[in-house]
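Below is coords.txt, which holds compact mmCIF, N, CA and C atoms.
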```
# COMPACT_ATOMS: atom_id res chain seq x y z
N MET R 197 85.56 23.56 40.39
CA MET R 197 86.12 22.22 40.40
C MET R 197 85.47 21.36 39.31
N LYS R 198 84.14 21.55 39.12
CA LYS R 198 83.44 20.77 38.12
C LYS R 198 83.96 21.09 36.71
N LYS R 199 84.23 22.39 36.45
CA LYS R 199 84.74 22.80 35.14
C LYS R 199 86.10 22.15 34.88
N GLN R 200 86.95 22.10 35.91
CA GLN R 200 88.27 21.49 35.77
C GLN R 200 88.14 19.99 35.47
N ARG R 201 87.20 19.34 36.13
CA ARG R 201 86.99 17.91 35.90
C ARG R 201 86.48 17.66 34.48
N VAL R 202 85.61 18.56 33.97
CA VAL R 202 85.11 18.44 32.60
C VAL R 202 86.26 18.60 31.62
N LEU R 203 87.13 19.61 31.82
CA LEU R 203 88.30 19.80 30.95
C LEU R 203 89.20 18.58 31.00
N PHE R 204 89.38 18.06 32.20
CA PHE R 204 90.20 16.87 32.39
C PHE R 204 89.64 15.71 31.58
N GLY R 205 88.34 15.51 31.67
CA GLY R 205 87.68 14.42 30.94
C GLY R 205 87.74 14.61 29.44
N LEU R 206 87.53 15.84 28.98
CA LEU R 206 87.59 16.11 27.54
C LEU R 206 88.98 15.86 26.97
N THR R 207 89.99 16.27 27.70
CA THR R 207 91.36 16.05 27.25
C THR R 207 91.67 14.57 27.18
N PHE R 208 91.25 13.83 28.19
CA PHE R 208 91.50 12.40 28.20
C PHE R 208 90.78 11.72 27.05
N MET R 209 89.54 12.15 26.76
CA MET R 209 88.79 11.57 25.66
C MET R 209 89.50 11.82 24.33
N LEU R 210 90.11 12.98 24.17
CA LEU R 210 90.86 13.28 22.96
C LEU R 210 91.93 12.23 22.71
N PHE R 211 92.69 11.90 23.75
CA PHE R 211 93.75 10.92 23.59
C PHE R 211 93.20 9.51 23.37
N CYS R 212 92.05 9.22 23.92
CA CYS R 212 91.43 7.92 23.70
C CYS R 212 91.04 7.73 22.25
N PHE R 213 90.55 8.80 21.61
CA PHE R 213 90.14 8.70 20.22
C PHE R 213 91.34 8.61 19.27
N VAL R 214 92.47 9.16 19.68
CA VAL R 214 93.66 9.12 18.83
C VAL R 214 94.06 7.68 18.52
N ASN R 215 93.90 6.81 19.50
CA ASN R 215 94.33 5.42 19.32
C ASN R 215 93.27 4.49 19.91
N SER R 216 92.14 4.35 19.22
CA SER R 216 90.99 3.65 19.79
C SER R 216 90.86 2.21 19.27
N PHE R 217 91.85 1.40 19.47
CA PHE R 217 91.78 0.00 19.09
C PHE R 217 91.16 -0.81 20.23
N ALA R 218 90.62 -1.96 19.88
CA ALA R 218 89.89 -2.79 20.85
C ALA R 218 90.76 -3.32 21.98
N GLN R 219 92.09 -3.40 21.78
CA GLN R 219 92.92 -3.98 22.82
C GLN R 219 93.25 -3.01 23.95
N TYR R 220 92.70 -1.83 23.93
CA TYR R 220 92.97 -0.85 24.96
C TYR R 220 91.75 -0.65 25.86
N LYS R 221 92.00 -0.31 27.10
CA LYS R 221 90.91 -0.01 28.03
C LYS R 221 91.23 1.27 28.78
N GLN R 222 90.20 1.83 29.38
CA GLN R 222 90.33 3.08 30.12
C GLN R 222 90.04 2.81 31.59
N GLU R 223 90.87 3.36 32.46
CA GLU R 223 90.65 3.25 33.90
C GLU R 223 90.54 4.66 34.48
N LEU R 224 89.44 4.94 35.13
CA LEU R 224 89.25 6.22 35.81
C LEU R 224 89.16 5.94 37.31
N LYS R 225 89.93 6.69 38.10
CA LYS R 225 89.93 6.48 39.55
C LYS R 225 89.90 7.82 40.27
N THR R 226 89.16 7.85 41.37
CA THR R 226 89.20 8.97 42.30
C THR R 226 89.50 8.36 43.66
N GLU R 227 90.59 8.80 44.26
CA GLU R 227 90.97 8.26 45.56
C GLU R 227 91.62 9.36 46.40
N LYS R 228 91.90 9.04 47.65
CA LYS R 228 92.57 10.00 48.54
C LYS R 228 94.00 9.58 48.77
N ASP R 229 94.89 10.57 48.77
CA ASP R 229 96.29 10.32 49.10
C ASP R 229 96.33 9.88 50.57
N PRO R 230 96.95 8.72 50.87
CA PRO R 230 96.94 8.21 52.25
C PRO R 230 97.72 9.07 53.25
N PHE R 231 98.61 9.91 52.78
CA PHE R 231 99.39 10.75 53.68
C PHE R 231 98.78 12.12 53.88
N THR R 232 98.25 12.72 52.79
CA THR R 232 97.76 14.10 52.87
C THR R 232 96.25 14.22 52.85
N ASN R 233 95.55 13.12 52.56
CA ASN R 233 94.09 13.09 52.41
C ASN R 233 93.60 13.97 51.27
N GLU R 234 94.49 14.33 50.34
CA GLU R 234 94.09 15.11 49.18
C GLU R 234 93.43 14.20 48.16
N LYS R 235 92.46 14.76 47.45
CA LYS R 235 91.77 14.02 46.40
C LYS R 235 92.68 13.89 45.17
N VAL R 236 92.77 12.67 44.64
CA VAL R 236 93.58 12.40 43.45
C VAL R 236 92.66 11.79 42.40
N VAL R 237 92.55 12.46 41.25
CA VAL R 237 91.75 11.95 40.15
C VAL R 237 92.73 11.52 39.07
N SER R 238 92.64 10.25 38.63
CA SER R 238 93.55 9.78 37.59
C SER R 238 92.79 9.02 36.52
N ALA R 239 93.30 9.14 35.31
CA ALA R 239 92.73 8.44 34.16
C ALA R 239 93.88 7.80 33.41
N ASN R 240 93.78 6.50 33.21
CA ASN R 240 94.81 5.76 32.49
C ASN R 240 94.20 5.09 31.28
N TYR R 241 94.90 5.15 30.17
CA TYR R 241 94.52 4.46 28.96
C TYR R 241 95.53 3.33 28.85
N ILE R 242 95.09 2.09 28.97
CA ILE R 242 95.99 0.95 29.18
C ILE R 242 95.83 -0.08 28.08
N ASN R 243 96.96 -0.66 27.66
CA ASN R 243 96.96 -1.80 26.75
C ASN R 243 96.60 -3.04 27.56
N LYS R 244 95.48 -3.67 27.25
CA LYS R 244 94.99 -4.81 28.04
C LYS R 244 95.94 -6.01 27.98
N TYR R 245 96.71 -6.13 26.92
CA TYR R 245 97.55 -7.31 26.76
C TYR R 245 98.92 -7.19 27.42
N THR R 246 99.41 -5.97 27.57
CA THR R 246 100.72 -5.79 28.19
C THR R 246 100.62 -5.12 29.55
N SER R 247 99.45 -4.63 29.91
CA SER R 247 99.20 -3.89 31.16
C SER R 247 100.05 -2.63 31.25
N GLY R 248 100.53 -2.15 30.12
CA GLY R 248 101.32 -0.93 30.11
C GLY R 248 100.43 0.29 29.92
N LYS R 249 100.71 1.36 30.67
CA LYS R 249 99.96 2.60 30.52
C LYS R 249 100.32 3.22 29.18
N MET R 250 99.32 3.68 28.46
CA MET R 250 99.56 4.35 27.19
C MET R 250 99.45 5.86 27.36
N VAL R 251 98.42 6.31 28.08
CA VAL R 251 98.22 7.73 28.36
C VAL R 251 97.80 7.85 29.82
N LEU R 252 98.35 8.83 30.50
CA LEU R 252 98.05 9.07 31.91
C LEU R 252 97.68 10.52 32.11
N LEU R 253 96.60 10.77 32.81
CA LEU R 253 96.23 12.11 33.27
C LEU R 253 95.91 11.97 34.74
N GLU R 254 96.53 12.81 35.57
CA GLU R 254 96.28 12.74 37.00
C GLU R 254 96.20 14.15 37.56
N ASN R 255 95.17 14.40 38.36
CA ASN R 255 95.00 15.71 38.96
C ASN R 255 95.09 15.56 40.47
N LYS R 256 96.02 16.32 41.07
CA LYS R 256 96.22 16.28 42.51
C LYS R 256 96.63 17.66 42.96
N SER R 257 95.97 18.20 43.97
CA SER R 257 96.27 19.52 44.52
C SER R 257 96.26 20.61 43.46
N GLY R 258 95.36 20.48 42.49
CA GLY R 258 95.26 21.51 41.45
C GLY R 258 96.34 21.41 40.38
N LYS R 259 97.22 20.41 40.47
CA LYS R 259 98.26 20.21 39.47
C LYS R 259 97.88 18.99 38.62
N THR R 260 98.15 19.08 37.33
CA THR R 260 97.81 17.98 36.44
C THR R 260 99.08 17.35 35.88
N LYS R 261 99.17 16.04 36.06
CA LYS R 261 100.28 15.27 35.49
C LYS R 261 99.76 14.64 34.20
N PHE R 262 100.53 14.79 33.14
CA PHE R 262 100.19 14.22 31.84
C PHE R 262 101.34 13.32 31.44
N GLY R 263 101.03 12.14 30.97
CA GLY R 263 102.08 11.22 30.53
C GLY R 263 101.59 10.35 29.40
N PHE R 264 102.53 9.86 28.61
CA PHE R 264 102.19 8.92 27.54
C PHE R 264 103.39 8.02 27.28
N GLU R 265 103.08 6.84 26.77
CA GLU R 265 104.14 5.89 26.43
C GLU R 265 104.46 6.03 24.95
N TRP R 266 105.76 5.99 24.65
CA TRP R 266 106.22 6.06 23.26
C TRP R 266 107.20 4.91 23.04
N SER R 267 107.03 4.19 21.95
CA SER R 267 107.91 3.05 21.65
C SER R 267 108.80 3.37 20.47
N TYR R 268 110.07 3.00 20.63
CA TYR R 268 111.07 3.15 19.56
C TYR R 268 111.37 1.76 19.03
N PRO R 269 111.50 1.59 17.71
CA PRO R 269 111.88 0.28 17.19
C PRO R 269 113.33 -0.03 17.56
N GLY R 270 113.56 -1.25 18.02
CA GLY R 270 114.91 -1.66 18.39
C GLY R 270 115.08 -1.78 19.90
N SER R 271 116.26 -2.22 20.29
CA SER R 271 116.57 -2.42 21.70
C SER R 271 117.52 -1.32 22.16
N PHE R 272 117.10 -0.54 23.14
CA PHE R 272 117.91 0.54 23.67
C PHE R 272 118.01 0.39 25.19
N ASN R 273 119.15 0.73 25.72
CA ASN R 273 119.33 0.74 27.17
C ASN R 273 119.72 2.16 27.57
N THR R 274 118.94 3.12 27.11
CA THR R 274 119.24 4.52 27.32
C THR R 274 118.22 5.15 28.26
N LEU R 275 118.69 5.77 29.32
CA LEU R 275 117.82 6.51 30.22
C LEU R 275 117.60 7.90 29.62
N ILE R 276 116.35 8.31 29.53
CA ILE R 276 116.05 9.67 29.09
C ILE R 276 115.77 10.47 30.36
N GLU R 277 116.71 11.36 30.68
CA GLU R 277 116.64 12.08 31.96
C GLU R 277 115.52 13.11 31.97
N LYS R 278 115.04 13.40 33.18
CA LYS R 278 114.00 14.42 33.32
C LYS R 278 114.54 15.73 32.75
N GLY R 279 113.62 16.55 32.24
CA GLY R 279 114.03 17.79 31.58
C GLY R 279 114.04 17.66 30.06
N ALA R 280 113.75 16.45 29.54
CA ALA R 280 113.69 16.26 28.09
C ALA R 280 112.49 17.03 27.54
N GLU R 281 112.63 17.52 26.32
CA GLU R 281 111.57 18.32 25.72
C GLU R 281 110.67 17.47 24.83
N ILE R 282 109.37 17.64 25.00
CA ILE R 282 108.34 17.01 24.17
C ILE R 282 107.60 18.15 23.49
N MET R 283 107.40 18.04 22.18
CA MET R 283 106.70 19.09 21.45
C MET R 283 105.43 18.53 20.84
N LEU R 284 104.33 19.26 21.03
CA LEU R 284 103.03 18.89 20.47
C LEU R 284 102.58 20.00 19.54
N LYS R 285 102.25 19.67 18.30
CA LYS R 285 101.73 20.67 17.37
C LYS R 285 100.22 20.49 17.29
N LEU R 286 99.50 21.57 17.52
CA LEU R 286 98.05 21.55 17.52
C LEU R 286 97.50 21.90 16.15
N ALA R 287 96.24 21.58 15.92
CA ALA R 287 95.60 21.80 14.62
C ALA R 287 95.63 23.26 14.19
N ASP R 288 95.64 24.19 15.14
CA ASP R 288 95.67 25.61 14.79
C ASP R 288 97.09 26.11 14.51
N GLY R 289 98.08 25.20 14.55
CA GLY R 289 99.47 25.56 14.25
C GLY R 289 100.31 25.87 15.47
N GLU R 290 99.69 26.02 16.62
CA GLU R 290 100.45 26.32 17.84
C GLU R 290 101.28 25.11 18.25
N VAL R 291 102.50 25.38 18.71
CA VAL R 291 103.40 24.33 19.19
C VAL R 291 103.54 24.47 20.70
N LEU R 292 103.20 23.40 21.41
CA LEU R 292 103.36 23.37 22.87
C LEU R 292 104.66 22.65 23.18
N LYS R 293 105.50 23.28 23.99
CA LYS R 293 106.75 22.65 24.42
C LYS R 293 106.60 22.26 25.88
N LEU R 294 106.68 20.97 26.14
CA LEU R 294 106.53 20.44 27.50
C LEU R 294 107.85 19.82 27.94
N THR R 295 108.11 19.83 29.22
CA THR R 295 109.35 19.29 29.77
C THR R 295 109.02 18.14 30.71
N THR R 296 109.72 17.04 30.56
CA THR R 296 109.45 15.87 31.41
C THR R 296 109.89 16.16 32.84
N THR R 297 109.12 15.60 33.78
CA THR R 297 109.40 15.83 35.21
C THR R 297 109.96 14.58 35.89
N GLU R 298 110.06 13.49 35.14
CA GLU R 298 110.59 12.23 35.66
C GLU R 298 111.56 11.65 34.65
N ASP R 299 112.53 10.86 35.12
CA ASP R 299 113.36 10.11 34.20
C ASP R 299 112.50 9.07 33.49
N ALA R 300 112.75 8.86 32.20
CA ALA R 300 112.04 7.82 31.43
C ALA R 300 112.99 6.64 31.27
N ARG R 301 112.60 5.53 31.86
CA ARG R 301 113.44 4.33 31.82
C ARG R 301 112.98 3.41 30.70
N PRO R 302 113.92 2.73 30.04
CA PRO R 302 113.56 1.84 28.93
C PRO R 302 112.83 0.59 29.42
N LYS R 303 111.84 0.18 28.63
CA LYS R 303 111.12 -1.06 28.89
C LYS R 303 111.04 -1.83 27.58
N LEU R 304 111.76 -2.94 27.49
CA LEU R 304 111.81 -3.72 26.25
C LEU R 304 110.55 -4.56 26.09
N THR R 305 110.01 -4.55 24.86
CA THR R 305 108.87 -5.39 24.53
C THR R 305 109.13 -6.04 23.18
N ALA R 306 108.64 -7.25 23.02
CA ALA R 306 108.78 -7.97 21.75
C ALA R 306 107.39 -8.17 21.16
N GLY R 307 107.30 -7.97 19.87
CA GLY R 307 106.03 -8.14 19.19
C GLY R 307 106.23 -8.75 17.83
N ILE R 308 105.18 -8.80 17.05
CA ILE R 308 105.25 -9.38 15.70
C ILE R 308 106.25 -8.62 14.84
N GLY R 309 106.34 -7.31 15.05
CA GLY R 309 107.24 -6.49 14.25
C GLY R 309 108.67 -6.45 14.75
N GLY R 310 108.98 -7.21 15.80
CA GLY R 310 110.34 -7.22 16.34
C GLY R 310 110.38 -6.71 17.77
N VAL R 311 111.55 -6.18 18.14
CA VAL R 311 111.77 -5.68 19.50
C VAL R 311 111.58 -4.17 19.51
N PHE R 312 110.93 -3.69 20.56
CA PHE R 312 110.71 -2.26 20.73
C PHE R 312 111.13 -1.86 22.14
N THR R 313 111.53 -0.60 22.29
CA THR R 313 111.84 -0.06 23.60
C THR R 313 110.82 1.03 23.90
N ALA R 314 110.07 0.85 24.98
CA ALA R 314 109.02 1.81 25.35
C ALA R 314 109.50 2.71 26.49
N TYR R 315 109.09 3.95 26.42
CA TYR R 315 109.39 4.93 27.46
C TYR R 315 108.09 5.61 27.88
N MET R 316 107.95 5.85 29.17
CA MET R 316 106.80 6.61 29.68
C MET R 316 107.28 8.03 29.98
N PHE R 317 106.79 9.00 29.21
CA PHE R 317 107.14 10.40 29.40
C PHE R 317 106.08 11.05 30.27
N GLU R 318 106.50 11.67 31.38
CA GLU R 318 105.57 12.32 32.29
C GLU R 318 105.94 13.78 32.45
N MET R 319 104.90 14.64 32.39
CA MET R 319 105.08 16.08 32.53
C MET R 319 103.99 16.64 33.43
N GLU R 320 104.25 17.79 34.00
CA GLU R 320 103.22 18.53 34.71
C GLU R 320 102.76 19.63 33.78
N ILE R 321 101.44 19.76 33.60
CA ILE R 321 100.94 20.78 32.68
C ILE R 321 100.05 21.77 33.41
N GLU R 322 100.08 23.00 32.92
CA GLU R 322 99.28 24.08 33.48
C GLU R 322 97.83 23.95 33.01
N LYS R 323 96.94 24.62 33.72
CA LYS R 323 95.52 24.60 33.38
C LYS R 323 95.29 25.15 31.96
N VAL R 324 96.04 26.18 31.59
CA VAL R 324 95.92 26.78 30.25
C VAL R 324 96.27 25.75 29.18
N THR R 325 97.34 24.99 29.40
CA THR R 325 97.75 23.96 28.45
C THR R 325 96.72 22.85 28.38
N LEU R 326 96.19 22.44 29.52
CA LEU R 326 95.15 21.42 29.56
C LEU R 326 93.93 21.87 28.76
N ASN R 327 93.57 23.14 28.89
CA ASN R 327 92.45 23.69 28.14
C ASN R 327 92.72 23.64 26.64
N LYS R 328 93.93 24.01 26.23
CA LYS R 328 94.28 23.97 24.81
C LYS R 328 94.19 22.55 24.27
N LEU R 329 94.67 21.58 25.05
CA LEU R 329 94.63 20.18 24.61
C LEU R 329 93.20 19.67 24.50
N SER R 330 92.31 20.20 25.31
CA SER R 330 90.92 19.76 25.24
C SER R 330 90.18 20.38 24.05
N LEU R 331 90.69 21.50 23.54
CA LEU R 331 90.00 22.20 22.46
C LEU R 331 90.61 21.95 21.08
N GLN R 332 91.86 21.55 21.01
CA GLN R 332 92.56 21.39 19.74
C GLN R 332 93.04 19.96 19.54
N LYS R 333 93.01 19.51 18.32
CA LYS R 333 93.52 18.20 17.97
C LYS R 333 95.05 18.27 17.85
N ILE R 334 95.73 17.27 18.37
CA ILE R 334 97.18 17.17 18.20
C ILE R 334 97.44 16.56 16.84
N ILE R 335 98.19 17.26 16.00
CA ILE R 335 98.44 16.75 14.65
C ILE R 335 99.86 16.22 14.47
N MET R 336 100.76 16.56 15.40
CA MET R 336 102.14 16.11 15.30
C MET R 336 102.77 16.08 16.68
N LEU R 337 103.69 15.16 16.86
CA LEU R 337 104.35 14.96 18.14
C LEU R 337 105.84 14.78 17.91
N ARG R 338 106.67 15.42 18.72
CA ARG R 338 108.12 15.22 18.65
C ARG R 338 108.61 14.79 20.02
N VAL R 339 109.28 13.65 20.05
CA VAL R 339 109.81 13.08 21.28
C VAL R 339 111.34 13.07 21.20
N PRO R 340 112.03 12.88 22.34
CA PRO R 340 113.49 12.85 22.31
C PRO R 340 114.05 11.79 21.36
N ASP R 341 115.12 12.14 20.67
CA ASP R 341 115.80 11.23 19.76
C ASP R 341 116.80 10.37 20.53
N LEU R 342 116.93 9.12 20.17
CA LEU R 342 117.84 8.21 20.88
C LEU R 342 119.15 7.99 20.15
N LYS R 343 119.53 8.81 19.20
CA LYS R 343 120.77 8.61 18.44
C LYS R 343 121.99 8.64 19.31
```
For the file at hand, write its structure as structure tokens.
Amino acid sequence: MKKQRVLFGLTFMLFCFVNSFAQYKQELKTEKDPFTNEKVVSANYINKYTSGKMVLLENKSGKTKFGFEWSYPGSFNTLIEKGAEIMLKLADGEVLKLTTTEDARPKLTAGIGGVFTAYMFEMEIEKVTLNKLSLQKIIMLRVPDLK
């Protein structure tokens, strides 16, 4: 269990370094599910100004949920249904293909650069994939196209 928690922490730290601006904060929580009494470990990387989750890692019952927020320039009212493919290219050239497990709903935000539509993509990842993410740098990301 300790090794899994270390891998979990290393993977989360990787994503924290990818986008380490001062306006972001990290929240780590360990709690019990009120219905099943199972231990739930979650780590959120949050934008302090919008309270929006940027990166999510959650471990429950030996399963790891991985999620991240992606913003598209412009205003979209498009639901991205579960089953959408997310591709991550690692520094060693390996491409990981992940499938979303939840619908991604649009969330409009306005900023200095205009209007953006943010989506939270959530996937369940295997222990092997979590290990790869903790050992390799992500050099490229492909998210669903909204055309």
One decimal, Å: what's the distance from atom CA of R:Ile276 over to atom C of R:Arg301, could you say?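 Distance reported for this atom pair: 7.2 Å.
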Could you jot down the atom CA of R:Arg338 to atom CA of R:Val236 separation for me, Å, one decimal place? 28.9 Å
Which residue is closest to R:Phe312? Choose from R:Gly258, R:Leu337, R:Gly270, R:Thr296 and count all atoms listed in the file.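 When distances to R:Phe312 are compared using all atoms listed in the file, the smallest one comes from R:Gly270.
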Go ahead and compute the interatomic distance for atom CA of R:Val311 and atom CA of R:Asp299, in Å to one decimal.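 A separation of 21.6 Å between them.
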May I have the residues within 6.5 Å of R:Val237 as an MDAnalysis selection string, using all atoms listed in the file and disregarding those fewer than 4 positions away in the same chain? chainID R and resid 225:227 253:256
Please produce a file of the residues just selected, as a PDB file, keeping the file's coordinate frame, where the atoms kept are N, CA and C atoms.
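What ended up in selection_21.pdb:
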```pdb
ATOM      1  N   LYS R 225      89.930   6.690  38.100  1.00  0.00           N
ATOM      2  CA  LYS R 225      89.930   6.480  39.550  1.00  0.00           C
ATOM      3  C   LYS R 225      89.900   7.820  40.270  1.00  0.00           C
ATOM      4  N   THR R 226      89.160   7.850  41.370  1.00  0.00           N
ATOM      5  CA  THR R 226      89.200   8.970  42.300  1.00  0.00           C
ATOM      6  C   THR R 226      89.500   8.360  43.660  1.00  0.00           C
ATOM      7  N   GLU R 227      90.590   8.800  44.260  1.00  0.00           N
ATOM      8  CA  GLU R 227      90.970   8.260  45.560  1.00  0.00           C
ATOM      9  C   GLU R 227      91.620   9.360  46.400  1.00  0.00           C
ATOM     10  N   LEU R 253      96.600  10.770  32.810  1.00  0.00           N
ATOM     11  CA  LEU R 253      96.230  12.110  33.270  1.00  0.00           C
ATOM     12  C   LEU R 253      95.910  11.970  34.740  1.00  0.00           C
ATOM     13  N   GLU R 254      96.530  12.810  35.570  1.00  0.00           N
ATOM     14  CA  GLU R 254      96.280  12.740  37.000  1.00  0.00           C
ATOM     15  C   GLU R 254      96.200  14.150  37.560  1.00  0.00           C
ATOM     16  N   ASN R 255      95.170  14.400  38.360  1.00  0.00           N
ATOM     17  CA  ASN R 255      95.000  15.710  38.960  1.00  0.00           C
ATOM     18  C   ASN R 255      95.090  15.560  40.470  1.00  0.00           C
ATOM     19  N   LYS R 256      96.020  16.320  41.070  1.00  0.00           N
ATOM     20  CA  LYS R 256      96.220  16.280  42.510  1.00  0.00           C
ATOM     21  C   LYS R 256      96.630  17.660  42.960  1.00  0.00           C
TER      22      LYS R 256
END
```
Might you pull out every residue within 6.5 Å of R:Phe264, with all atoms listed in the file counted and same-chain residues fewer than 4 positions away left off, and present them as a list in words?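 In the requested format, the answer is Lys249, Met250, Val251, Leu252, Tyr315, Met316, Phe317 and Glu318 of chain R.
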May I have the selected residues written with N, CA and C atoms, as a short mmCIF file (atom, residue, chain, number, x, y, z; two decimals), in the frame of the given file?
```cif
data_model
loop_
_atom_site.label_atom_id
_atom_site.label_comp_id
_atom_site.auth_asym_id
_atom_site.auth_seq_id
_atom_site.Cartn_x
_atom_site.Cartn_y
_atom_site.Cartn_z
N LYS R 249 100.71 1.36 30.67
CA LYS R 249 99.96 2.60 30.52
C LYS R 249 100.32 3.22 29.18
N MET R 250 99.32 3.68 28.46
CA MET R 250 99.56 4.35 27.19
C MET R 250 99.45 5.86 27.36
N VAL R 251 98.42 6.31 28.08
CA VAL R 251 98.22 7.73 28.36
C VAL R 251 97.80 7.85 29.82
N LEU R 252 98.35 8.83 30.50
CA LEU R 252 98.05 9.07 31.91
C LEU R 252 97.68 10.52 32.11
N TYR R 315 109.09 3.95 26.42
CA TYR R 315 109.39 4.93 27.46
C TYR R 315 108.09 5.61 27.88
N MET R 316 107.95 5.85 29.17
CA MET R 316 106.80 6.61 29.68
C MET R 316 107.28 8.03 29.98
N PHE R 317 106.79 9.00 29.21
CA PHE R 317 107.14 10.40 29.40
C PHE R 317 106.08 11.05 30.27
N GLU R 318 106.50 11.67 31.38
CA GLU R 318 105.57 12.32 32.29
C GLU R 318 105.94 13.78 32.45
#
```
I want to know what sits within 8 Å of R:Gly279, based on only N, CA and C atoms, with residues of the same chain fewer than 4 positions away left out; could you give that as a list of chain:residue names? R:Leu294, R:Thr295, R:Thr296, R:Thr297, R:Glu298, R:Asp299, R:Ala300
Using all atoms listed in the file, pick whichever of R:Ser257, R:Gly307, R:Pro302, R:Val324 has the shortest atom-to-atom distance to R:Asn273.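 Ranked by minimum distance to R:Asn273, first place goes to R:Pro302.
Checking R:Leu292, R:Ile282, R:Ala287, R:Leu275 one by one against R:Ile334, counting only C-alpha atoms, you find the shortest gap at R:Ala287.
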Among listed residues R:Val339, R:Pro230, R:Ser271, R:Glu320, nearest R:Thr305 (using only N, CA and C atoms): R:Ser271
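Nearest to R:Met283 of all the residues R:Glu234, R:Tyr268, R:Thr260, R:Met336 is R:Met336, based on all atoms listed in the file.
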Rebuild stretch 292-305 of chain R to N, CA, C and O atoms - output it as a CSV table (one decimal), keeping the file's coordinate frame, please.
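Dumped to part.csv:
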```csv
chain,number,residue,atom,x,y,z
R,292,LEU,N,103.2,23.4,21.4
R,292,LEU,CA,103.4,23.4,22.9
R,292,LEU,C,104.7,22.6,23.2
R,292,LEU,O,104.9,21.5,22.7
R,293,LYS,N,105.5,23.3,24.0
R,293,LYS,CA,106.8,22.6,24.4
R,293,LYS,C,106.6,22.3,25.9
R,293,LYS,O,106.4,23.1,26.7
R,294,LEU,N,106.7,21.0,26.1
R,294,LEU,CA,106.5,20.4,27.5
R,294,LEU,C,107.8,19.8,27.9
R,294,LEU,O,108.6,19.3,27.1
R,295,THR,N,108.1,19.8,29.2
R,295,THR,CA,109.4,19.3,29.8
R,295,THR,C,109.0,18.1,30.7
R,295,THR,O,108.2,18.3,31.6
R,296,THR,N,109.7,17.0,30.6
R,296,THR,CA,109.4,15.9,31.4
R,296,THR,C,109.9,16.2,32.8
R,296,THR,O,110.9,16.9,33.1
R,297,THR,N,109.1,15.6,33.8
R,297,THR,CA,109.4,15.8,35.2
R,297,THR,C,110.0,14.6,35.9
R,297,THR,O,110.3,14.6,37.1
R,298,GLU,N,110.1,13.5,35.1
R,298,GLU,CA,110.6,12.2,35.7
R,298,GLU,C,111.6,11.6,34.6
R,298,GLU,O,111.4,11.9,33.4
R,299,ASP,N,112.5,10.9,35.1
R,299,ASP,CA,113.4,10.1,34.2
R,299,ASP,C,112.5,9.1,33.5
R,299,ASP,O,111.6,8.5,34.1
R,300,ALA,N,112.8,8.9,32.2
R,300,ALA,CA,112.0,7.8,31.4
R,300,ALA,C,113.0,6.6,31.3
R,300,ALA,O,114.0,6.8,30.7
R,301,ARG,N,112.6,5.5,31.9
R,301,ARG,CA,113.4,4.3,31.8
R,301,ARG,C,113.0,3.4,30.7
R,301,ARG,O,111.8,3.3,30.4
R,302,PRO,N,113.9,2.7,30.0
R,302,PRO,CA,113.6,1.8,28.9
R,302,PRO,C,112.8,0.6,29.4
R,302,PRO,O,113.1,0.1,30.5
R,303,LYS,N,111.8,0.2,28.6
R,303,LYS,CA,111.1,-1.1,28.9
R,303,LYS,C,111.0,-1.8,27.6
R,303,LYS,O,110.4,-1.4,26.6
R,304,LEU,N,111.8,-2.9,27.5
R,304,LEU,CA,111.8,-3.7,26.2
R,304,LEU,C,110.6,-4.6,26.1
R,304,LEU,O,110.1,-5.2,27.0
R,305,THR,N,110.0,-4.6,24.9
R,305,THR,CA,108.9,-5.4,24.5
R,305,THR,C,109.1,-6.0,23.2
R,305,THR,O,109.8,-5.5,22.3
```
